[in-house]
$ cat data-v9.txt   # compact mmCIF, C-alpha atoms
# COMPACT_ATOMS: atom_id res chain seq x y z
CA MET W 10 -3.66 -7.08 11.64
CA ALA W 11 -6.83 -5.24 10.66
CA ALA W 12 -9.98 -5.79 12.73
CA LEU W 13 -12.74 -7.86 11.13
CA ASN W 14 -15.10 -4.88 11.03
CA SER W 15 -12.61 -2.51 9.43
CA VAL W 16 -11.87 -0.94 6.06
CA ARG W 17 -8.68 0.64 4.77
CA VAL W 18 -8.32 4.31 3.88
CA ALA W 19 -5.44 6.35 2.46
CA ALA W 20 -4.72 10.01 3.16
CA VAL W 21 -2.56 12.12 0.85
CA GLN W 22 0.17 14.62 1.56
CA MET W 23 1.30 16.62 -1.46
CA THR W 24 2.63 19.93 -2.75
CA SER W 25 0.25 21.20 -5.42
CA ILE W 26 1.45 23.82 -7.91
CA ASN W 27 -0.10 26.05 -10.59
CA ASP W 28 -0.10 23.24 -13.15
CA VAL W 29 -3.32 21.22 -13.39
CA ALA W 30 -1.74 18.46 -15.50
CA SER W 31 1.23 18.01 -13.18
CA ASN W 32 -1.00 17.82 -10.12
CA PHE W 33 -3.22 15.25 -11.83
CA SER W 34 -0.16 13.15 -12.61
CA THR W 35 0.84 13.20 -8.92
CA CYS W 36 -2.70 12.35 -7.83
CA SER W 37 -2.89 9.48 -10.33
CA ARG W 38 0.30 7.96 -8.97
CA LEU W 39 -0.98 8.21 -5.39
CA VAL W 40 -4.35 6.69 -6.31
CA LYS W 41 -2.56 3.72 -7.86
CA GLU W 42 -0.43 3.35 -4.72
CA ALA W 43 -3.48 3.51 -2.45
CA ALA W 44 -5.40 0.95 -4.51
CA SER W 45 -2.41 -1.40 -4.41
CA ALA W 46 -2.36 -1.03 -0.61
CA GLY W 47 -5.97 -2.17 -0.41
CA ALA W 48 -7.55 1.20 0.35
CA LYS W 49 -11.23 1.58 -0.46
CA MET W 50 -10.98 5.37 -0.36
CA ILE W 51 -8.24 7.97 -0.78
CA CYS W 52 -8.50 11.49 0.62
CA PHE W 53 -6.78 14.46 -1.04
CA PRO W 54 -6.00 17.87 0.49
CA GLU W 55 -7.52 21.26 -0.23
CA SER W 56 -6.46 22.74 -3.59
CA PHE W 57 -5.31 19.30 -4.81
CA SER W 58 -5.80 20.18 -8.49
CA PHE W 59 -4.33 23.71 -8.48
CA LEU W 60 -2.51 26.07 -6.15
CA GLY W 61 -1.14 29.30 -7.62
CA PRO W 62 1.11 32.12 -6.34
CA LYS W 63 -1.94 34.28 -5.65
CA SER W 64 -5.16 33.00 -4.16
CA GLU W 65 -7.10 34.81 -6.87
CA ASP W 66 -5.35 32.65 -9.49
CA SER W 67 -7.88 29.96 -8.63
CA LEU W 68 -10.52 31.96 -10.48
CA LEU W 69 -8.63 31.35 -13.73
CA VAL W 70 -9.05 27.56 -13.49
CA ALA W 71 -12.44 27.37 -11.76
CA GLU W 72 -14.82 24.98 -13.53
CA ALA W 73 -18.22 23.41 -13.11
CA LEU W 74 -18.26 19.94 -11.57
CA ASP W 75 -19.09 18.45 -14.97
CA GLY W 76 -16.06 20.17 -16.50
CA PRO W 77 -12.94 18.38 -17.81
CA ILE W 78 -10.84 18.65 -14.63
CA MET W 79 -13.30 16.96 -12.30
CA GLN W 80 -14.30 14.45 -14.95
CA LYS W 81 -10.66 13.28 -15.18
CA TYR W 82 -10.72 12.55 -11.47
CA CYS W 83 -14.04 10.73 -11.83
CA SER W 84 -12.43 8.57 -14.52
CA LEU W 85 -9.49 7.92 -12.20
CA ALA W 86 -11.84 6.66 -9.47
CA ARG W 87 -13.55 4.40 -11.98
CA GLU W 88 -10.27 3.06 -13.36
CA TYR W 89 -8.97 2.00 -9.94
CA SER W 90 -12.36 1.19 -8.36
CA ILE W 91 -11.70 3.49 -5.42
CA TRP W 92 -13.63 6.29 -3.74
CA LEU W 93 -12.10 9.77 -3.79
CA SER W 94 -12.36 12.63 -1.33
CA LEU W 95 -11.42 15.70 -3.37
CA GLY W 96 -11.27 18.51 -0.87
CA GLY W 97 -11.13 22.12 -1.95
CA PHE W 98 -11.88 21.96 -5.68
CA GLN W 99 -12.22 25.34 -7.42
CA GLU W 100 -15.85 25.12 -8.53
CA LYS W 101 -17.10 27.95 -10.72
CA GLY W 102 -19.50 30.20 -8.80
CA HIS W 103 -21.35 33.45 -9.43
CA ASP W 104 -20.26 37.05 -10.05
CA ALA W 105 -16.51 36.45 -10.41
CA HIS W 106 -16.44 34.19 -7.38
CA LEU W 107 -15.80 30.47 -7.00
CA ARG W 108 -16.83 27.88 -4.44
CA ASN W 109 -14.24 25.98 -2.42
CA THR W 110 -15.96 22.62 -2.83
CA HIS W 111 -15.28 19.23 -1.25
CA VAL W 112 -16.34 16.51 -3.71
CA ILE W 113 -16.93 12.84 -2.91
CA VAL W 114 -16.62 10.50 -5.91
CA ASP W 115 -17.55 6.82 -5.69
CA ASP W 116 -15.70 3.87 -7.22
CA ALA W 117 -17.89 4.02 -10.33
CA GLY W 118 -16.84 7.60 -10.98
CA ASN W 119 -20.09 9.21 -9.83
CA ILE W 120 -20.21 12.33 -7.66
CA ARG W 121 -22.00 11.23 -4.48
CA SER W 122 -21.89 14.44 -2.44
CA THR W 123 -20.49 17.95 -2.34
CA TYR W 124 -19.86 20.49 0.39
CA SER W 125 -18.95 24.14 -0.17
CA LYS W 126 -16.70 25.61 2.52
CA ILE W 127 -18.72 27.66 4.98
CA HIS W 128 -15.99 29.38 7.02
CA LEU W 129 -13.76 31.42 4.70
CA PHE W 130 -10.16 32.23 5.62
CA ASP W 131 -10.02 36.01 6.11
CA VAL W 132 -7.04 36.30 8.43
CA ASP W 133 -3.87 38.29 9.07
CA VAL W 134 -1.57 35.48 10.17
CA PRO W 135 0.78 36.64 12.99
CA GLY W 136 4.23 37.00 11.48
CA GLY W 137 2.89 35.78 8.16
CA SER W 138 0.72 36.74 5.23
CA THR W 139 -2.72 38.25 4.85
CA TYR W 140 -5.49 36.09 3.41
CA ARG W 141 -8.89 37.22 2.14
CA GLU W 142 -10.61 34.13 0.80
CA SER W 143 -13.96 35.93 0.74
CA SER W 144 -12.66 38.32 -1.92
CA PHE W 145 -12.94 35.59 -4.56
CA THR W 146 -14.92 32.80 -2.86
CA GLU W 147 -18.61 32.60 -2.00
CA PRO W 148 -19.35 30.79 1.28
CA GLY W 149 -21.36 27.61 1.42
CA LYS W 150 -24.56 27.35 3.41
CA ASP W 151 -25.23 23.65 3.97
CA ILE W 152 -23.64 20.93 6.08
CA ALA W 153 -23.04 17.67 4.20
CA ALA W 154 -22.74 14.03 5.22
CA VAL W 155 -22.78 10.93 3.02
CA ASP W 156 -22.46 7.14 3.38
CA SER W 157 -19.31 5.49 2.04
CA PRO W 158 -17.39 2.19 2.30
CA ILE W 159 -15.36 3.59 5.24
CA GLY W 160 -18.42 4.77 7.18
CA ARG W 161 -20.70 7.79 7.17
CA LEU W 162 -18.61 10.80 6.18
CA GLY W 163 -18.85 14.34 7.51
CA LEU W 164 -17.42 16.87 5.04
CA THR W 165 -15.44 19.95 6.06
CA ILE W 166 -12.53 21.97 4.69
CA CYS W 167 -9.48 23.51 6.40
CA TYR W 168 -10.56 26.69 8.29
CA ASP W 169 -13.80 24.96 9.32
CA LEU W 170 -11.58 23.15 11.81
CA ARG W 171 -11.62 26.18 14.14
CA PHE W 172 -15.41 26.12 14.43
CA PRO W 173 -16.43 23.08 16.50
CA GLU W 174 -20.16 23.64 16.01
CA ILE W 175 -20.09 22.20 12.49
CA TYR W 176 -18.39 19.05 13.81
CA GLN W 177 -20.97 18.69 16.59
CA GLN W 178 -23.72 19.00 13.98
CA LEU W 179 -22.09 16.37 11.76
CA ARG W 180 -21.82 13.90 14.64
CA PHE W 181 -25.05 14.41 16.54
CA ASN W 182 -27.45 15.57 13.81
CA HIS W 183 -26.00 13.82 10.74
CA ASP W 184 -24.60 10.60 12.30
CA ALA W 185 -21.04 11.04 10.99
CA GLN W 186 -18.53 8.31 11.82
CA VAL W 187 -15.56 9.69 9.89
CA ILE W 188 -14.89 13.40 9.47
CA LEU W 189 -12.75 14.67 6.61
CA VAL W 190 -10.64 17.82 6.95
CA PRO W 191 -8.72 18.43 3.68
CA SER W 192 -6.47 21.41 4.35
CA ALA W 193 -3.71 23.80 3.37
CA PHE W 194 -2.69 25.19 6.77
CA THR W 195 -0.05 27.90 6.94
CA PRO W 196 3.27 27.01 8.61
CA VAL W 197 2.61 29.43 11.50
CA THR W 198 -0.88 28.21 12.35
CA GLY W 199 -0.01 24.60 11.58
CA GLN W 200 2.89 24.53 14.00
CA ALA W 201 0.74 26.01 16.76
CA HIS W 202 -2.65 24.40 16.30
CA TRP W 203 -2.94 21.72 13.58
CA GLU W 204 -2.62 18.48 15.54
CA ILE W 205 -4.24 19.89 18.70
CA LEU W 206 -7.39 20.96 16.89
CA LEU W 207 -7.69 17.74 14.89
CA ARG W 208 -7.34 15.52 17.94
CA ALA W 209 -9.84 17.68 19.81
CA ARG W 210 -12.39 17.31 16.99
CA ALA W 211 -11.88 13.52 17.02
CA ILE W 212 -12.27 13.26 20.80
CA GLU W 213 -15.31 15.51 21.13
CA THR W 214 -17.19 13.87 18.24
CA GLN W 215 -15.91 10.32 18.83
CA CYS W 216 -15.25 10.06 15.10
CA TYR W 217 -12.26 9.16 13.02
CA VAL W 218 -10.72 12.33 11.60
CA ILE W 219 -8.84 12.20 8.30
CA ALA W 220 -6.86 15.37 7.60
CA SER W 221 -5.04 15.38 4.26
CA ALA W 222 -2.61 18.27 4.02
CA GLN W 223 -0.81 20.42 1.52
CA ALA W 224 2.90 20.48 2.39
CA GLY W 225 5.97 22.57 1.69
CA LYS W 226 6.69 25.34 -0.81
CA HIS W 227 4.26 25.63 -3.69
CA ASN W 228 5.96 28.71 -5.16
CA LYS W 229 7.81 31.82 -4.00
CA THR W 230 4.84 33.17 -2.06
CA ARG W 231 2.87 30.13 -0.86
CA GLU W 232 3.90 27.51 1.67
CA SER W 233 1.88 24.95 3.66
CA TYR W 234 2.52 23.19 6.96
CA GLY W 235 1.85 19.61 5.89
CA ASP W 236 1.55 16.72 8.41
CA THR W 237 -1.31 14.61 7.05
CA LEU W 238 -2.98 12.75 9.94
CA ILE W 239 -5.49 9.99 10.53
CA ILE W 240 -6.86 10.05 14.08
CA ASP W 241 -9.12 7.51 15.77
CA PRO W 242 -12.20 8.36 17.89
CA TRP W 243 -10.14 8.15 21.10
CA GLY W 244 -7.85 10.88 19.79
CA THR W 245 -4.92 8.61 18.93
CA VAL W 246 -2.92 9.31 15.77
CA VAL W 247 -3.05 6.09 13.73
CA GLY W 248 -1.72 7.38 10.41
CA ARG W 249 1.09 9.83 9.67
CA LEU W 250 3.88 10.15 7.13
CA PRO W 251 7.46 10.03 8.51
CA ASP W 252 8.22 13.42 6.94
CA ARG W 253 5.52 16.10 7.25
CA LEU W 254 6.69 17.80 4.03
CA SER W 255 7.06 14.82 1.70
CA THR W 256 4.62 13.71 -0.99
CA GLY W 257 2.96 10.37 -0.34
CA ILE W 258 0.16 8.55 1.43
CA THR W 259 -0.44 7.20 4.91
CA VAL W 260 -2.75 4.23 5.27
CA ALA W 261 -4.91 3.17 8.24
CA ASP W 262 -7.78 0.81 8.92
CA ILE W 263 -11.06 2.42 9.97
CA ASP W 264 -12.39 0.14 12.71
CA LEU W 265 -16.16 0.70 12.85
CA SER W 266 -16.43 -1.43 16.00
CA LEU W 267 -14.00 0.92 17.77
CA ILE W 268 -16.33 3.84 17.05
CA ASP W 269 -19.19 1.92 18.66
CA SER W 270 -17.04 0.90 21.62
CA VAL W 271 -15.82 4.42 22.38
CA ARG W 272 -19.33 5.83 22.13
CA LYS W 273 -20.74 3.13 24.40
CA LYS W 274 -18.10 3.60 27.08
CA MET W 275 -18.30 7.41 26.94
CA PRO W 276 -21.98 8.10 26.07
CA ILE W 277 -21.69 11.84 25.43
CA ALA W 278 -24.47 11.77 22.82
CA GLU W 279 -27.04 11.24 25.58
CA VAL W 280 -25.84 14.30 27.48
CA TRP W 281 -25.50 16.41 24.33
CA GLY W 282 -29.05 15.58 23.33
CA SER W 283 -30.38 16.43 26.79
CA ILE W 284 -28.63 19.80 26.93
CA HIS W 285 -29.67 20.84 23.44
CA ALA W 286 -33.26 19.82 24.15
CA LEU W 287 -33.45 22.36 27.00
CA PRO W 288 -35.26 25.62 26.22
CA SER W 289 -33.20 28.79 26.40
CA SER W 290 -35.25 29.83 29.44
CA THR W 291 -33.85 26.92 31.48
CA PRO W 292 -31.88 28.44 34.40
CA TRP W 293 -28.65 26.56 33.62
CA VAL W 294 -28.71 27.46 29.93
CA SER W 295 -29.65 31.06 30.66
CA THR W 296 -26.92 31.38 33.30
CA MET W 297 -24.21 30.00 31.00
CA HIS W 298 -25.33 32.31 28.17
CA GLN W 299 -25.18 35.31 30.51
CA PHE W 300 -21.75 34.24 31.78
CA PHE W 301 -20.16 33.95 28.34
CA SER W 302 -21.87 37.11 27.12
CA GLY W 303 -20.38 38.92 30.10
CA VAL W 304 -16.90 37.57 29.37
CA VAL W 305 -17.09 38.70 25.75
CA SER W 306 -18.42 42.10 26.75
CA THR W 307 -15.61 42.58 29.28
CA LEU W 308 -12.90 41.60 26.81
CA GLU W 309 -14.30 43.96 24.20
CA ARG W 310 -14.03 46.89 26.63
CA LEU W 311 -10.42 46.19 27.58
CA PRO W 312 -7.65 48.23 25.93
CA GLU W 313 -5.51 46.22 23.50
CA ALA W 314 -2.50 46.11 25.85
CA SER W 315 -4.63 44.76 28.69
CA LEU W 316 -6.23 42.23 26.38
CA ASP W 317 -2.81 40.80 25.45
CA LYS W 318 -1.98 40.32 29.12
CA THR W 319 -5.39 38.80 29.82
CA LEU W 320 -5.05 36.24 27.04

$ encode --input "data-v9.txt" --output "structure tokens"
Amino acid sequence: MAALNSVRVAAVQMTSINDVASNFSTCSRLVKEAASAGAKMICFPESFSFLGPKSEDSLLVAEALDGPIMQKYCSLAREYSIWLSLGGFQEKGHDAHLRNTHVIVDDAGNIRSTYSKIHLFDVDVPGGSTYRESSFTEPGKDIAAVDSPIGRLGLTICYDLRFPEIYQQLRFNHDAQVILVPSAFTPVTGQAHWEILLRARAIETQCYVIASAQAGKHNKTRESYGDTLIIDPWGTVVGRLPDRLSTGITVADIDLSLIDSVRKKMPIAEVWGSIHALPSSTPWVSTMHQFFSGVVSTLERLPEASLDKTL
């Protein structure tokens, strides 16, 4: 039974392809399912509307937010009276680049907030592929949070997950209660780090974390880890599909009173505020900065073979 001070949310797991119409059909079906389940908001993964064989293919479909693709999703929200989290939309940018943009649409079909991905995925995945998101994507600059029926949302996208500072900012400076992490993790990194990082972000911010995931084989060259998760502010997984590669939704109730309870019993905000109010000249802050600077400096001087053994 749902708590009195709770609201239902749905999180999507899907396998997007290089067909905008087909992906919209899948999303429409899942929106209808979520609305029937009583969800006030449904959260989609990164690249929900298009995912091609090559990352650069996204440039071919990139549009402005008032273009026909996004407007179809706005109409969908209006039709089913449900809020949408559309993470990782290919928004047309400047100079042959796009923005990887997280769009929040309300139940009247209006765009309430947007966030452009700050941390771009430029990585050589061990035993996997090479990704250079910055070659066709311009990074965002601003953190975004917005009120919604399921609480105050903090917006992030995929690779942001590895940078806890943005999550700390969303919680302590922007009052986030629910943090969204729409993603398309690789199988290698997903297997190793996906759930661990998500639960860590939930615990350290004392927020719900909703991580909608791309799953399975999109084409011959692209594959995603899957495993859509909803995690409560104590770090407990409260929503998950039985099969991490299937297409569908998981539904959970966001209990706003639980957020308050966890934060009251473990008042980390007070300590965080005290530490960040200290000037850099404070002995403790200065000592910790010197310590970590020394660690980094030492690691940088080590030969590669020694570094592997050290880590």

$ closest_residue --input "data-v9.txt" --among "W:Asp169, W:Asp241, W:Glu279, W:Asp156" --to "W:Asp184" --atoms "all atoms listed in the file"
W:Asp156

$ residues_around --input "data-v9.txt" --residues "W:Phe57" --least-positions-apart "6" --cutoff "10 Å" --atoms "all atoms listed in the file" --output "PyMOL selection string"
chain W and resi 21-26+29+32-33+35-36+95-99+191-193+221-223

$ closest_atom_pairs --input "data-v9.txt" --of "stretch 49-168 of chain W" --to "stretch 254-261 of chain W" --cutoff "10 Å" --atoms "only C-alpha atoms" --output "CSV"
residue,atom,partner,partner_atom,distance
W:Ile51,CA,W:Ile258,CA,8.7
W:Cys52,CA,W:Ile258,CA,9.2
W:Phe53,CA,W:Ile258,CA,9.4

$ closest_residue --input "data-v9.txt" --among "W:Leu267, W:Ile219, W:Ala46, W:Ile166" --to "W:His111" --atoms "all atoms listed in the file"
W:Ile166

$ closest_residue --input "data-v9.txt" --among "W:Arg253, W:Arg161, W:His106, W:Lys101" --to "W:Ser122" --atoms "only C-alpha atoms"
W:Arg161

$ axis_aligned_box --input "data-v9.txt" --around "stretch 86-98 of chain W" --padding-each-side "4 Å" --output "AutoDock Vina command-line options"
--center_x -11.3 --center_y 11.7 --center_z -7.1 --size_x 12.7 --size_y 28.9 --size_z 20.5

$ closest_residue --input "data-v9.txt" --among "W:Pro173, W:Gly225, W:Gly47, W:Pro135" --to "W:Leu207" --atoms "only C-alpha atoms"
W:Pro173

$ residues_around --input "data-v9.txt" --residues "stretch 79-94 of chain W" --least-positions-apart "4" --cutoff "6 Å" --atoms "all atoms listed in the file" --output "PyMOL selection string"
chain W and resi 49-53+74+113-118

$ residues_around --input "data-v9.txt" --residues "W:Thr123" --least-positions-apart "5" --cutoff "9 Å" --atoms "only C-alpha atoms" --output "VMD selection string"
chain W and resid 110 to 113 153 to 154 164

$ atom_distance --input "data-v9.txt" --atom1 "atom CA of W:Arg108" --atom2 "atom CA of W:Pro148"
6.9 Å

$ decode --input "data-v9.txt" --residues "stretch 14-129 of chain W" --atoms "C-alpha atoms" --output "mmCIF file, in the first residue's frame"
data_model
loop_
_atom_site.group_PDB
_atom_site.id
_atom_site.type_symbol
_atom_site.label_atom_id
_atom_site.label_comp_id
_atom_site.auth_asym_id
_atom_site.auth_seq_id
_atom_site.Cartn_x
_atom_site.Cartn_y
_atom_site.Cartn_z
ATOM 1 C CA ASN W 14 2.325 11.355 1.281
ATOM 2 C CA SER W 15 3.435 9.522 -1.850
ATOM 3 C CA VAL W 16 3.083 9.760 -5.612
ATOM 4 C CA ARG W 17 3.618 7.108 -8.263
ATOM 5 C CA VAL W 18 6.339 7.246 -10.910
ATOM 6 C CA ALA W 19 7.227 4.959 -13.815
ATOM 7 C CA ALA W 20 10.703 4.351 -15.218
ATOM 8 C CA VAL W 21 11.253 2.991 -18.720
ATOM 9 C CA GLN W 22 13.607 0.359 -20.050
ATOM 10 C CA MET W 23 13.776 0.158 -23.835
ATOM 11 C CA THR W 24 15.931 -0.561 -26.871
ATOM 12 C CA SER W 25 15.854 2.490 -29.124
ATOM 13 C CA ILE W 26 16.828 2.139 -32.792
ATOM 14 C CA ASN W 27 17.532 4.459 -35.731
ATOM 15 C CA ASP W 28 13.835 4.897 -36.487
ATOM 16 C CA VAL W 29 12.169 7.923 -34.876
ATOM 17 C CA ALA W 30 8.628 6.723 -35.675
ATOM 18 C CA SER W 31 9.197 3.243 -34.268
ATOM 19 C CA ASN W 32 10.686 4.621 -31.068
ATOM 20 C CA PHE W 33 7.754 7.007 -30.665
ATOM 21 C CA SER W 34 5.353 4.092 -31.046
ATOM 22 C CA THR W 35 7.153 2.211 -28.251
ATOM 23 C CA CYS W 36 7.179 5.302 -26.031
ATOM 24 C CA SER W 37 3.467 5.901 -26.657
ATOM 25 C CA ARG W 38 2.625 2.369 -25.575
ATOM 26 C CA LEU W 39 4.686 2.739 -22.391
ATOM 27 C CA VAL W 40 3.122 6.113 -21.567
ATOM 28 C CA LYS W 41 -0.332 4.558 -21.837
ATOM 29 C CA GLU W 42 0.763 1.697 -19.580
ATOM 30 C CA ALA W 43 2.214 4.085 -17.006
ATOM 31 C CA ALA W 44 -0.900 6.271 -16.981
ATOM 32 C CA SER W 45 -3.076 3.182 -16.482
ATOM 33 C CA ALA W 46 -0.884 2.218 -13.507
ATOM 34 C CA GLY W 47 -1.551 5.575 -11.882
ATOM 35 C CA ALA W 48 1.848 7.152 -12.504
ATOM 36 C CA LYS W 49 2.010 10.944 -12.449
ATOM 37 C CA MET W 50 5.331 10.940 -14.293
ATOM 38 C CA ILE W 51 7.205 8.592 -16.608
ATOM 39 C CA CYS W 52 10.967 8.739 -17.114
ATOM 40 C CA PHE W 53 12.615 7.707 -20.397
ATOM 41 C CA PRO W 54 16.282 6.821 -20.993
ATOM 42 C CA GLU W 55 18.965 8.710 -22.877
ATOM 43 C CA SER W 56 18.513 8.624 -26.677
ATOM 44 C CA PHE W 57 14.863 7.572 -26.281
ATOM 45 C CA SER W 58 13.840 9.021 -29.664
ATOM 46 C CA PHE W 59 16.808 7.857 -31.761
ATOM 47 C CA LEU W 60 19.899 5.682 -31.442
ATOM 48 C CA GLY W 61 21.885 4.956 -34.601
ATOM 49 C CA PRO W 62 24.817 2.667 -35.485
ATOM 50 C CA LYS W 63 27.226 5.596 -35.211
ATOM 51 C CA SER W 64 27.057 8.245 -32.526
ATOM 52 C CA GLU W 65 27.409 10.926 -35.197
ATOM 53 C CA ASP W 66 24.133 9.730 -36.756
ATOM 54 C CA SER W 67 22.379 11.768 -34.071
ATOM 55 C CA LEU W 68 23.370 14.924 -35.942
ATOM 56 C CA LEU W 69 21.112 13.855 -38.823
ATOM 57 C CA VAL W 70 17.972 13.936 -36.649
ATOM 58 C CA ALA W 71 18.878 16.765 -34.268
ATOM 59 C CA GLU W 72 16.079 19.336 -33.962
ATOM 60 C CA ALA W 73 15.136 22.395 -31.987
ATOM 61 C CA LEU W 74 12.887 21.809 -28.983
ATOM 62 C CA ASP W 75 9.967 23.345 -30.877
ATOM 63 C CA GLY W 76 10.517 20.924 -33.764
ATOM 64 C CA PRO W 77 8.122 18.106 -34.754
ATOM 65 C CA ILE W 78 9.791 15.303 -32.761
ATOM 66 C CA MET W 79 9.631 16.986 -29.364
ATOM 67 C CA GLN W 80 6.207 18.424 -30.090
ATOM 68 C CA LYS W 81 4.853 14.890 -30.622
ATOM 69 C CA TYR W 82 6.057 13.970 -27.147
ATOM 70 C CA CYS W 83 4.509 17.137 -25.724
ATOM 71 C CA SER W 84 1.212 16.098 -27.304
ATOM 72 C CA LEU W 85 1.606 12.629 -25.789
ATOM 73 C CA ALA W 86 2.008 14.131 -22.310
ATOM 74 C CA ARG W 87 -1.088 16.244 -22.853
ATOM 75 C CA GLU W 88 -3.138 13.320 -24.170
ATOM 76 C CA TYR W 89 -2.448 11.143 -21.116
ATOM 77 C CA SER W 90 -2.156 13.969 -18.556
ATOM 78 C CA ILE W 91 1.244 12.766 -17.403
ATOM 79 C CA TRP W 92 4.629 14.412 -16.894
ATOM 80 C CA LEU W 93 7.519 13.191 -19.041
ATOM 81 C CA SER W 94 11.241 13.042 -18.331
ATOM 82 C CA LEU W 95 12.830 12.853 -21.779
ATOM 83 C CA GLY W 96 16.494 12.289 -21.121
ATOM 84 C CA GLY W 97 19.080 12.683 -23.831
ATOM 85 C CA PHE W 98 17.154 14.326 -26.670
ATOM 86 C CA GLN W 99 19.243 15.326 -29.697
ATOM 87 C CA GLU W 100 18.738 19.090 -29.608
ATOM 88 C CA LYS W 101 20.179 21.053 -32.514
ATOM 89 C CA GLY W 102 23.229 23.051 -31.419
ATOM 90 C CA HIS W 103 25.856 25.232 -33.073
ATOM 91 C CA ASP W 104 28.603 24.591 -35.646
ATOM 92 C CA ALA W 105 27.677 21.009 -36.590
ATOM 93 C CA HIS W 106 27.202 20.029 -32.962
ATOM 94 C CA LEU W 107 24.121 19.047 -30.979
ATOM 95 C CA ARG W 108 23.204 19.222 -27.309
ATOM 96 C CA ASN W 109 22.397 16.087 -25.345
ATOM 97 C CA THR W 110 19.384 17.601 -23.596
ATOM 98 C CA HIS W 111 17.184 16.312 -20.787
ATOM 99 C CA VAL W 112 13.677 17.757 -21.226
ATOM 100 C CA ILE W 113 10.922 17.857 -18.608
ATOM 101 C CA VAL W 114 7.400 18.140 -20.029
ATOM 102 C CA ASP W 115 4.366 18.715 -17.799
ATOM 103 C CA ASP W 116 0.940 17.099 -18.087
ATOM 104 C CA ALA W 117 -0.329 19.997 -20.202
ATOM 105 C CA GLY W 118 2.390 19.403 -22.777
ATOM 106 C CA ASN W 119 4.559 22.372 -21.791
ATOM 107 C CA ILE W 120 8.340 22.168 -21.484
ATOM 108 C CA ARG W 121 9.074 23.032 -17.850
ATOM 109 C CA SER W 122 12.854 22.652 -17.756
ATOM 110 C CA THR W 123 15.862 21.520 -19.750
ATOM 111 C CA TYR W 124 19.377 20.419 -18.885
ATOM 112 C CA SER W 125 22.206 19.937 -21.385
ATOM 113 C CA LYS W 126 24.664 17.202 -20.426
ATOM 114 C CA ILE W 127 27.790 18.691 -18.877
ATOM 115 C CA HIS W 128 30.110 15.674 -18.713
ATOM 116 C CA LEU W 129 30.593 14.243 -22.209
#
